[in-house]
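Listing of final07.cif; format and content: mmCIF, C-alpha atoms and all ligand atoms.
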```cif
data_work
loop_
_atom_site.label_atom_id
_atom_site.label_comp_id
_atom_site.auth_asym_id
_atom_site.auth_seq_id
_atom_site.Cartn_x
_atom_site.Cartn_y
_atom_site.Cartn_z
CA MET X 582 213.89 231.90 106.61
CA HIS X 583 216.40 229.96 104.51
CA ILE X 584 219.05 227.99 106.45
CA ASP X 585 221.92 226.13 104.78
CA GLN X 586 225.62 225.25 105.29
CA LYS X 587 226.63 228.92 104.93
CA THR X 588 224.19 230.39 107.47
CA ALA X 589 226.04 232.62 109.97
CA LEU X 590 225.09 232.25 113.62
CA TYR X 591 224.55 235.08 116.13
CA GLY X 592 222.86 235.07 119.52
CA VAL X 593 222.27 236.45 122.98
CA VAL X 594 223.61 234.93 126.21
CA GLY X 595 222.10 235.63 129.62
CA TYR X 596 220.24 234.09 132.52
CA PRO X 597 217.26 234.11 132.65
CA LEU X 598 216.34 234.97 129.05
CA ALA X 599 212.59 234.33 128.95
CA HIS X 600 211.68 237.91 128.02
CA THR X 601 214.45 238.86 125.60
CA LEU X 602 213.29 240.70 122.46
CA SER X 603 216.73 240.57 120.79
CA PRO X 604 216.01 237.50 118.57
CA VAL X 605 212.86 239.16 117.17
CA MET X 606 214.73 242.40 116.45
CA HIS X 607 217.87 240.89 114.88
CA ASN X 608 216.16 238.18 112.83
CA ALA X 609 213.91 240.90 111.36
CA ALA X 610 217.08 242.84 110.45
CA PHE X 611 218.70 239.80 108.78
CA LEU X 612 215.52 239.08 106.83
CA GLU X 613 215.14 242.68 105.67
CA THR X 614 218.78 242.88 104.49
CA HIS X 615 218.65 239.39 102.86
CA MET X 616 221.54 238.18 105.01
CA ASN X 617 222.07 234.44 105.34
CA ALA X 618 222.19 234.63 109.15
CA VAL X 619 220.17 233.61 112.16
CA TYR X 620 220.07 234.89 115.78
CA LEU X 621 219.20 232.57 118.70
CA ALA X 622 218.80 232.86 122.48
CA PHE X 623 221.31 230.91 124.59
CA GLU X 624 220.13 230.81 128.19
CA SER X 625 223.28 230.02 130.18
CA GLN X 626 224.99 230.79 133.48
CA ASP X 627 228.34 229.60 132.08
CA ILE X 628 229.75 232.64 130.27
CA ASP X 629 233.26 231.15 130.01
CA GLY X 630 231.83 228.05 128.31
CA CYS X 631 229.79 230.27 125.96
CA LEU X 632 232.89 232.19 124.84
CA LYS X 633 234.73 228.91 124.15
CA GLY X 634 231.65 227.78 122.19
CA MET X 635 231.71 231.02 120.17
CA LYS X 636 235.29 230.36 119.13
CA GLY X 637 234.84 226.61 118.64
CA LEU X 638 231.70 226.93 116.52
CA GLY X 639 232.59 230.18 114.78
CA ILE X 640 229.58 232.08 116.15
CA ARG X 641 230.04 235.54 114.60
CA GLY X 642 228.53 237.75 117.26
CA MET X 643 226.81 237.67 120.63
CA SER X 644 224.72 240.03 122.72
CA VAL X 645 225.50 239.74 126.43
CA THR X 646 222.92 240.48 129.08
CA VAL X 647 222.26 240.06 132.80
CA PRO X 648 224.14 238.71 134.77
CA HIS X 649 227.22 238.51 132.51
CA LYS X 650 227.86 242.11 131.37
CA SER X 651 230.72 242.77 133.82
CA GLU X 652 232.10 239.31 134.47
CA VAL X 653 232.66 238.74 130.73
CA ILE X 654 235.28 241.53 130.51
CA PRO X 655 238.38 239.65 131.79
CA LEU X 656 237.45 236.63 129.62
CA LEU X 657 237.58 238.53 126.30
CA ASP X 658 240.63 238.93 124.02
CA GLN X 659 240.00 242.66 123.51
CA VAL X 660 237.68 245.27 125.02
CA ASP X 661 236.74 248.62 123.48
CA ASP X 662 237.85 251.63 125.60
CA LEU X 663 234.32 252.96 126.25
CA ALA X 664 233.07 249.52 127.39
CA LEU X 665 236.10 249.25 129.65
CA SER X 666 235.43 252.62 131.31
CA ILE X 667 231.73 251.76 131.72
CA GLY X 668 232.70 248.36 133.14
CA ALA X 669 230.11 246.51 131.07
CA VAL X 670 230.08 244.70 127.71
CA ASN X 671 226.77 243.96 125.95
CA THR X 672 228.13 243.00 122.51
CA ILE X 673 230.87 240.61 121.35
CA VAL X 674 232.28 240.51 117.84
CA ASN X 675 234.18 237.38 116.71
CA ARG X 676 236.83 238.46 114.16
CA GLY X 677 238.61 235.29 113.02
CA GLY X 678 238.67 233.78 116.50
CA VAL X 679 239.50 237.04 118.32
CA LEU X 680 236.63 238.07 120.62
CA LYS X 681 236.23 241.83 121.18
CA GLY X 682 233.70 243.38 123.59
CA TYR X 683 231.73 246.61 123.09
CA ASN X 684 228.98 248.51 124.89
CA THR X 685 226.20 249.56 122.51
CA ASP X 686 223.76 250.50 125.33
CA ALA X 687 225.69 253.75 125.63
CA MET X 688 225.47 254.63 121.93
CA GLY X 689 221.82 253.49 121.87
CA ALA X 690 220.92 255.95 124.61
CA LEU X 691 222.87 258.78 122.99
CA LYS X 692 221.15 258.25 119.60
CA ALA X 693 217.72 258.16 121.28
CA ILE X 694 218.46 261.46 123.06
CA GLN X 695 219.92 263.04 119.91
CA GLU X 696 216.59 262.51 118.13
CA GLU X 697 215.19 265.20 120.46
CA THR X 698 218.16 267.38 121.39
CA ASP X 699 221.93 267.79 121.14
CA PRO X 700 223.05 266.93 124.70
CA ALA X 701 226.42 268.72 124.34
CA GLY X 702 226.64 271.62 126.82
CA LYS X 703 223.29 270.71 128.44
CA THR X 704 222.77 269.75 132.09
CA CYS X 705 221.50 266.22 132.68
CA LEU X 706 220.31 264.47 135.83
CA ILE X 707 220.55 260.67 135.75
CA ILE X 708 218.51 258.65 138.26
CA GLY X 709 220.32 255.38 139.03
CA ALA X 710 223.82 253.99 139.39
CA GLY X 711 223.56 250.48 137.91
CA GLY X 712 224.88 249.21 134.58
CA ALA X 713 222.45 251.19 132.42
CA ALA X 714 223.03 254.42 134.32
CA ARG X 715 226.81 253.98 134.03
CA ALA X 716 226.62 253.45 130.26
CA ILE X 717 224.46 256.56 129.75
CA ALA X 718 226.49 258.70 132.15
CA PHE X 719 229.84 257.86 130.53
CA ILE X 720 228.73 258.51 126.95
CA LEU X 721 226.96 261.78 127.83
CA LYS X 722 230.04 263.00 129.70
CA LYS X 723 232.14 262.09 126.65
CA HIS X 724 229.79 264.20 124.51
CA GLY X 725 230.20 267.29 126.66
CA THR X 726 227.06 267.03 128.79
CA ASN X 727 227.14 268.31 132.41
CA VAL X 728 226.14 265.06 134.10
CA ASN X 729 224.69 264.84 137.65
CA ILE X 730 223.88 261.58 139.41
CA THR X 731 221.17 260.77 141.92
CA ASN X 732 220.48 257.32 143.37
CA ARG X 733 218.70 255.55 146.24
CA SER X 734 221.91 254.09 147.66
CA LEU X 735 224.39 256.83 148.54
CA THR X 736 227.40 254.52 148.35
CA ARG X 737 226.69 253.30 144.83
CA GLY X 738 225.61 256.72 143.61
CA ARG X 739 228.69 258.46 144.99
CA ALA X 740 230.96 255.76 143.53
CA LEU X 741 229.58 256.45 140.02
CA ALA X 742 229.79 260.22 140.50
CA THR X 743 233.42 259.89 141.65
CA ALA X 744 234.30 257.70 138.65
CA LEU X 745 232.78 260.37 136.37
CA LYS X 746 234.15 263.35 138.34
CA CYS X 747 230.63 264.77 138.46
CA PRO X 748 228.24 265.86 141.27
CA PHE X 749 226.13 263.41 143.28
CA ILE X 750 222.79 264.64 144.64
CA PRO X 751 220.77 262.61 147.20
CA LEU X 752 217.39 261.53 145.77
CA GLU X 753 215.43 263.75 148.22
CA GLU X 754 217.28 266.84 146.95
CA ALA X 755 217.24 265.97 143.24
CA GLY X 756 214.39 268.42 142.56
CA THR X 757 216.76 271.32 143.25
CA ILE X 758 218.84 270.64 140.11
CA LYS X 759 217.91 272.77 137.08
CA ALA X 760 218.35 270.04 134.46
CA ASP X 761 217.63 270.28 130.71
CA ILE X 762 217.49 266.49 130.46
CA LEU X 763 216.21 264.02 133.09
CA ILE X 764 216.91 260.30 132.59
CA HIS X 765 215.38 257.49 134.63
CA ALA X 766 217.91 254.61 134.43
CA THR X 767 216.63 252.04 136.94
CA SER X 768 214.24 249.14 136.42
CA VAL X 769 211.54 250.71 138.64
CA GLY X 770 208.18 250.90 136.81
CA MET X 771 208.76 247.80 134.71
CA TYR X 772 205.85 245.38 134.21
CA PRO X 773 204.34 243.83 136.41
CA PHE X 774 205.22 246.65 138.86
CA HIS X 775 204.23 249.35 136.35
CA GLU X 776 202.44 251.50 138.97
CA ARG X 777 205.77 252.26 140.64
CA CYS X 778 207.73 255.46 140.15
CA ILE X 779 210.60 256.75 142.31
CA VAL X 780 210.51 260.43 141.39
CA THR X 781 208.71 263.26 143.10
CA PRO X 782 206.73 265.72 140.92
CA ASP X 783 209.15 268.57 141.74
CA MET X 784 211.80 266.90 139.58
CA PHE X 785 209.85 267.74 136.40
CA GLN X 786 210.08 271.23 134.95
CA ARG X 787 208.16 272.45 131.89
CA GLY X 788 210.18 272.07 128.67
CA MET X 789 212.55 269.49 130.14
CA ILE X 790 213.48 266.47 128.00
CA VAL X 791 212.65 263.33 129.99
CA MET X 792 213.78 259.82 129.06
CA ASP X 793 212.95 256.42 130.58
CA ILE X 794 215.03 253.28 129.87
CA VAL X 795 212.07 251.05 130.82
CA TYR X 796 210.27 249.88 127.65
CA ASN X 797 207.68 247.50 129.11
CA PRO X 798 205.27 249.27 129.32
CA VAL X 799 206.37 251.76 126.65
CA GLN X 800 204.38 254.54 128.34
CA THR X 801 205.61 254.28 131.94
CA ARG X 802 204.12 256.11 134.90
CA PHE X 803 207.32 258.22 135.00
CA LEU X 804 206.77 259.35 131.37
CA THR X 805 203.06 259.97 131.97
CA LEU X 806 203.84 262.24 134.95
CA ALA X 807 206.49 264.04 132.90
CA ALA X 808 204.11 264.62 129.96
CA GLU X 809 201.43 265.94 132.36
CA ARG X 810 203.93 268.52 133.58
CA GLY X 811 204.78 269.77 130.10
CA CYS X 812 207.98 267.80 129.47
CA LYS X 813 209.02 266.29 126.15
CA THR X 814 209.34 262.51 126.59
CA ILE X 815 211.56 259.79 125.08
CA ASP X 816 210.45 256.18 125.71
CA GLY X 817 212.71 253.15 126.25
CA LEU X 818 212.07 251.57 122.83
CA GLY X 819 214.35 254.10 121.14
CA MET X 820 217.39 253.08 123.19
CA LEU X 821 216.57 249.39 122.69
CA VAL X 822 216.39 249.70 118.90
CA TYR X 823 219.41 252.02 118.57
CA GLN X 824 221.63 249.73 120.66
CA GLY X 825 220.57 246.89 118.34
CA VAL X 826 221.29 249.05 115.28
CA GLU X 827 224.82 249.60 116.60
CA GLN X 828 225.26 245.85 117.23
CA PHE X 829 224.14 245.08 113.67
CA ARG X 830 226.67 247.57 112.29
CA LEU X 831 229.50 246.11 114.39
CA TRP X 832 228.66 242.55 113.32
CA THR X 833 227.96 243.07 109.61
CA GLY X 834 229.53 246.40 108.67
CA LEU X 835 226.15 247.36 107.14
CA ASP X 836 223.61 250.04 108.03
CA ALA X 837 220.82 248.42 110.03
CA PRO X 838 217.20 248.46 108.80
CA PHE X 839 215.88 250.70 111.59
CA ASP X 840 212.19 250.60 110.57
CA ALA X 841 212.08 246.80 110.19
CA MET X 842 213.67 246.38 113.63
CA THR X 843 211.31 248.88 115.26
CA ASN X 844 208.22 247.30 113.67
CA ALA X 845 209.29 243.79 114.71
CA LEU X 846 209.75 244.96 118.31
CA ALA X 847 206.44 246.80 118.39
CA ASP X 848 204.69 243.71 116.98
CA ALA X 849 206.30 241.42 119.57
CA MET X 850 205.33 243.79 122.37
CA ARG X 851 201.73 243.83 121.21
CA ARG X 852 201.72 240.01 121.17
CA PHE X 853 203.53 239.38 124.48
CA GLY X 854 203.31 242.71 126.29
P1 LIG X 901 221.15 247.58 135.69
O1 LIG X 901 222.53 247.05 135.51
O2 LIG X 901 220.13 246.91 134.81
O3 LIG X 901 221.08 249.07 135.63
P2 LIG X 901 221.39 247.23 138.54
O4 LIG X 901 222.85 247.24 138.40
O5 LIG X 901 220.77 246.22 139.41
O6 LIG X 901 220.67 247.11 137.14
O7 LIG X 901 220.97 248.73 139.01
C1 LIG X 901 219.73 248.99 139.40
C2 LIG X 901 219.55 250.49 139.68
O8 LIG X 901 218.18 250.65 140.01
C3 LIG X 901 220.33 251.02 140.87
O9 LIG X 901 220.58 252.39 140.70
C4 LIG X 901 219.34 250.80 142.01
O10 LIG X 901 219.52 251.63 143.13
P3 LIG X 901 220.49 251.16 144.34
O11 LIG X 901 221.88 251.42 143.89
O12 LIG X 901 220.04 252.02 145.47
O13 LIG X 901 220.18 249.70 144.55
C5 LIG X 901 218.06 251.19 141.32
N1 LIG X 901 216.87 250.62 141.96
C6 LIG X 901 216.41 249.37 141.86
N2 LIG X 901 215.28 249.21 142.56
C7 LIG X 901 215.00 250.42 143.13
C8 LIG X 901 213.95 250.93 143.96
N3 LIG X 901 212.94 250.16 144.36
N4 LIG X 901 214.01 252.23 144.33
C9 LIG X 901 215.02 253.03 143.94
N5 LIG X 901 216.04 252.60 143.14
C10 LIG X 901 216.03 251.32 142.74
#
```
With the file now loaded, output its structure as structure tokens.
Amino acid sequence: MHIDQKTALYGVVGYPLAHTLSPVMHNAAFLETHMNAVYLAFESQDIDGCLKGMKGLGIRGMSVTVPHKSEVIPLLDQVDDLALSIGAVNTIVNRGGVLKGYNTDAMGALKAIQEETDPAGKTCLIIGAGGAARAIAFILKKHGTNVNITNRSLTRGRALATALKCPFIPLEEAGTIKADILIHATSVGMYPFHERCIVTPDMFQRGMIVMDIVYNPVQTRFLTLAAERGCKTIDGLGMLVYQGVEQFRLWTGLDAPFDAMTNALADAMRRFG
């Protein structure tokens, strides 16, 4: 990688950041498109200080991750409408000192689903009510999907369903919903607790499209159970790459090199996973 006085700087801010795959994915994209740019990881609890640093140093773009996705919103100069309704920003673009926040998790999930099916007019059951579930629920609703929410905590689940004006179903009754698409949007099943799975087998119906947001391991227990019951599965890597593709487009205005980004991620997962 060539670095000189013109190299543009991008990065990710979060705490902790030990397992982030974003630098691998975005540096592969810069290399493939011959951009004079580099992407670093900034592990920090001080999001306000990071935004000042972005402006002061002219950092062109930043990914935002846990725990800053919500608290960053009031600190930004502008926030995209979808990110505002989701209540979470995972991408910042610096346009001449004006910092604007976006949510590309939502678009990433939509693109991953669209590879298998057009979700418009379909019925979808989303398991979870955290940041990821909110992003997916809002974008699917916007695209004409009949969204239903289920979640362990009734309070949090009902709050999301109310915000979306959609039904909430308690987890124990979720098997009664005839969904075309089932999305697991919690962190349950992530390494090293990869044996865990919160669904009961009655939630899977033959022919259903089933997606997991967990990508480590890529083949989760949830997806294995779904495949065994004749469902078509979508793993978490798709959403991860597509949200990065959307970030790259927002930052550079260029089409992202999807294959190079996917291969870099797969390589990194083989090495560290
Ligand atoms: P994120 O922003 O990454 O989605 P989060 O806001 O912490 O993370 O949300 C985590 C989601 O995973 C929530 O829906 C949470 O359910 P609760 O609202 O009941 O807490 C769900 N979750 C986490 N651990 C869980 C577990 N062991 N069983 C069931 N649901 C779990």
*Using all atoms listed in the file, determine which residues lie at most 10 Å from Asp761 of chain X, disregarding the query and same-chain residues fewer than 4 positions distant; provide the list as a list in words.*
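Answer for this query is Thr698, Pro700, Gly702, Lys703, Thr704, Cys705, Leu706, Asn727, Phe785, Gln786, Arg787, Gly788, Met789, Ile790 and Val791 of chain X.
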*Find the residues near Asp658 of chain X: any atom within 8 Å, counting all atoms listed in the file, skip ones fewer than 6 places away on the same chain, and give them as a list in words.*
Val679, Leu680 and Lys681 of chain X
List as a PDB file with C-alpha atoms, keeping the file's coordinate frame the protein and nucleic acid residues lying within 10 Å of ligand LIG 901 (chain X), with only C-alpha atoms and all ligand atoms counted.
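Below is the file part_14.pdb, written as the result:
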```
ATOM      1  CA  THR X 646     222.920 240.480 129.080  1.00  0.00           C
ATOM      2  CA  VAL X 647     222.260 240.060 132.800  1.00  0.00           C
ATOM      3  CA  PRO X 648     224.140 238.710 134.770  1.00  0.00           C
ATOM      4  CA  LYS X 650     227.860 242.110 131.370  1.00  0.00           C
ATOM      5  CA  SER X 651     230.720 242.770 133.820  1.00  0.00           C
ATOM      6  CA  ALA X 669     230.110 246.510 131.070  1.00  0.00           C
ATOM      7  CA  ILE X 707     220.550 260.670 135.750  1.00  0.00           C
ATOM      8  CA  ILE X 708     218.510 258.650 138.260  1.00  0.00           C
ATOM      9  CA  GLY X 709     220.320 255.380 139.030  1.00  0.00           C
ATOM     10  CA  ALA X 710     223.820 253.990 139.390  1.00  0.00           C
ATOM     11  CA  GLY X 711     223.560 250.480 137.910  1.00  0.00           C
ATOM     12  CA  GLY X 712     224.880 249.210 134.580  1.00  0.00           C
ATOM     13  CA  ALA X 713     222.450 251.190 132.420  1.00  0.00           C
ATOM     14  CA  ALA X 714     223.030 254.420 134.320  1.00  0.00           C
ATOM     15  CA  ARG X 715     226.810 253.980 134.030  1.00  0.00           C
ATOM     16  CA  ALA X 716     226.620 253.450 130.260  1.00  0.00           C
ATOM     17  CA  ILE X 730     223.880 261.580 139.410  1.00  0.00           C
ATOM     18  CA  THR X 731     221.170 260.770 141.920  1.00  0.00           C
ATOM     19  CA  ASN X 732     220.480 257.320 143.370  1.00  0.00           C
ATOM     20  CA  ARG X 733     218.700 255.550 146.240  1.00  0.00           C
ATOM     21  CA  SER X 734     221.910 254.090 147.660  1.00  0.00           C
ATOM     22  CA  LEU X 735     224.390 256.830 148.540  1.00  0.00           C
ATOM     23  CA  THR X 736     227.400 254.520 148.350  1.00  0.00           C
ATOM     24  CA  ARG X 737     226.690 253.300 144.830  1.00  0.00           C
ATOM     25  CA  GLY X 738     225.610 256.720 143.610  1.00  0.00           C
ATOM     26  CA  ARG X 739     228.690 258.460 144.990  1.00  0.00           C
ATOM     27  CA  LEU X 741     229.580 256.450 140.020  1.00  0.00           C
ATOM     28  CA  LEU X 752     217.390 261.530 145.770  1.00  0.00           C
ATOM     29  CA  HIS X 765     215.380 257.490 134.630  1.00  0.00           C
ATOM     30  CA  ALA X 766     217.910 254.610 134.430  1.00  0.00           C
ATOM     31  CA  THR X 767     216.630 252.040 136.940  1.00  0.00           C
ATOM     32  CA  SER X 768     214.240 249.140 136.420  1.00  0.00           C
ATOM     33  CA  VAL X 769     211.540 250.710 138.640  1.00  0.00           C
ATOM     34  CA  GLY X 770     208.180 250.900 136.810  1.00  0.00           C
ATOM     35  CA  ARG X 777     205.770 252.260 140.640  1.00  0.00           C
ATOM     36  CA  CYS X 778     207.730 255.460 140.150  1.00  0.00           C
ATOM     37  CA  ILE X 779     210.600 256.750 142.310  1.00  0.00           C
ATOM     38  CA  VAL X 780     210.510 260.430 141.390  1.00  0.00           C
ATOM     39  CA  ILE X 794     215.030 253.280 129.870  1.00  0.00           C
ATOM     40  CA  VAL X 795     212.070 251.050 130.820  1.00  0.00           C
TER      41      VAL X 795
END
```
*With all atoms listed in the file as the atoms that count, which of X:Gly825, X:Gly630, X:Pro604, X:Pro597 lies nearest to Ala849 of chain X?*
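Counting all atoms listed in the file, the residue closest to Ala849 of chain X is X:Pro604.
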*Using all atoms listed in the file, give me every residue within 9 Å of (235.3, 236.6, 127.5) in file coordinates, as a ChimeraX atom specification.*
/X:628-629,631-633,652-659,673,680-682
_Give me, as an MDAnalysis selection string, all polymer residues having an atom no more than 9 Å from Ile720 of chain X, counting all atoms listed in the file and skipping those fewer than 5 positions away in the same chain._
chainID X and resid 663 667 687:688 690:691 715 725:726
*Rounded to one decimal in Å, what is the spacing between atom CA of Thr601 of chain X and atom CA of Tyr796 of chain X?*
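Calculated distance between atom CA of Thr601 of chain X and atom CA of Tyr796 of chain X is 12.0 Å.
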*asked:* Measuring between all atoms listed in the file, which one of X:Met792, X:Met842, X:Ala589, X:Val670 shows the shortest distance to Arg641 of chain X?
replied: X:Ala589
_Nearest candidate to Met643 of chain X (options X:Gln800, X:Gln828, X:Gln695, X:Thr743; using all atoms listed in the file)_ =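 Closest to Met643 of chain X, using all atoms listed in the file: X:Gln828.
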How big is the axis-aligned box around all listed atoms of segment 615-633 of chain X once 5 Å goes on each side, and where's its centre, in Å to one decimal, as JSON?
```
{"center_x": 226.7, "center_y": 233.7, "center_z": 118.2, "size_x": 26.1, "size_y": 21.3, "size_z": 40.6}
```
*With all atoms listed in the file as the basis for distance, which of X:Cys747, X:Leu590, X:Val660, X:Leu846 is at the shortest distance from Leu821 of chain X?*
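Among X:Cys747, X:Leu590, X:Val660, X:Leu846, it is X:Leu846 that comes nearest to Leu821 of chain X.
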*How many Å separate atom CA of Ile584 of chain X from atom CA of Asn617 of chain X?*
7.2 Å
*atom CA of Ala807 of chain X to atom CA of Ala740 of chain X: how many Å, to one decimal?*
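So the two atoms, atom CA of Ala807 of chain X and atom CA of Ala740 of chain X, lie 27.9 Å apart.
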_So, with all atoms listed in the file as the atoms that count, which of X:Ala744, X:Val826, X:Met635, X:Val728 lies closest to Thr685 of chain X?_
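Answer, going by the shortest atom-to-atom distance: X:Val826.
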*From the set X:Pro798, X:Gly642, X:Gly595, X:Gly634, which residue has the shortest atom-to-atom contact distance to His607 of chain X, counting only C-alpha atoms?*
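Residue with the minimum atom-to-atom distance to His607 of chain X: X:Gly642.
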*Which polymer residues have any atom within 12 Å of an atom of Arg852 of chain X, counting only C-alpha atoms, with same-chain residues fewer than 6 positions away left out, as a ChimeraX atom specification?*
/X:602,605,845-846
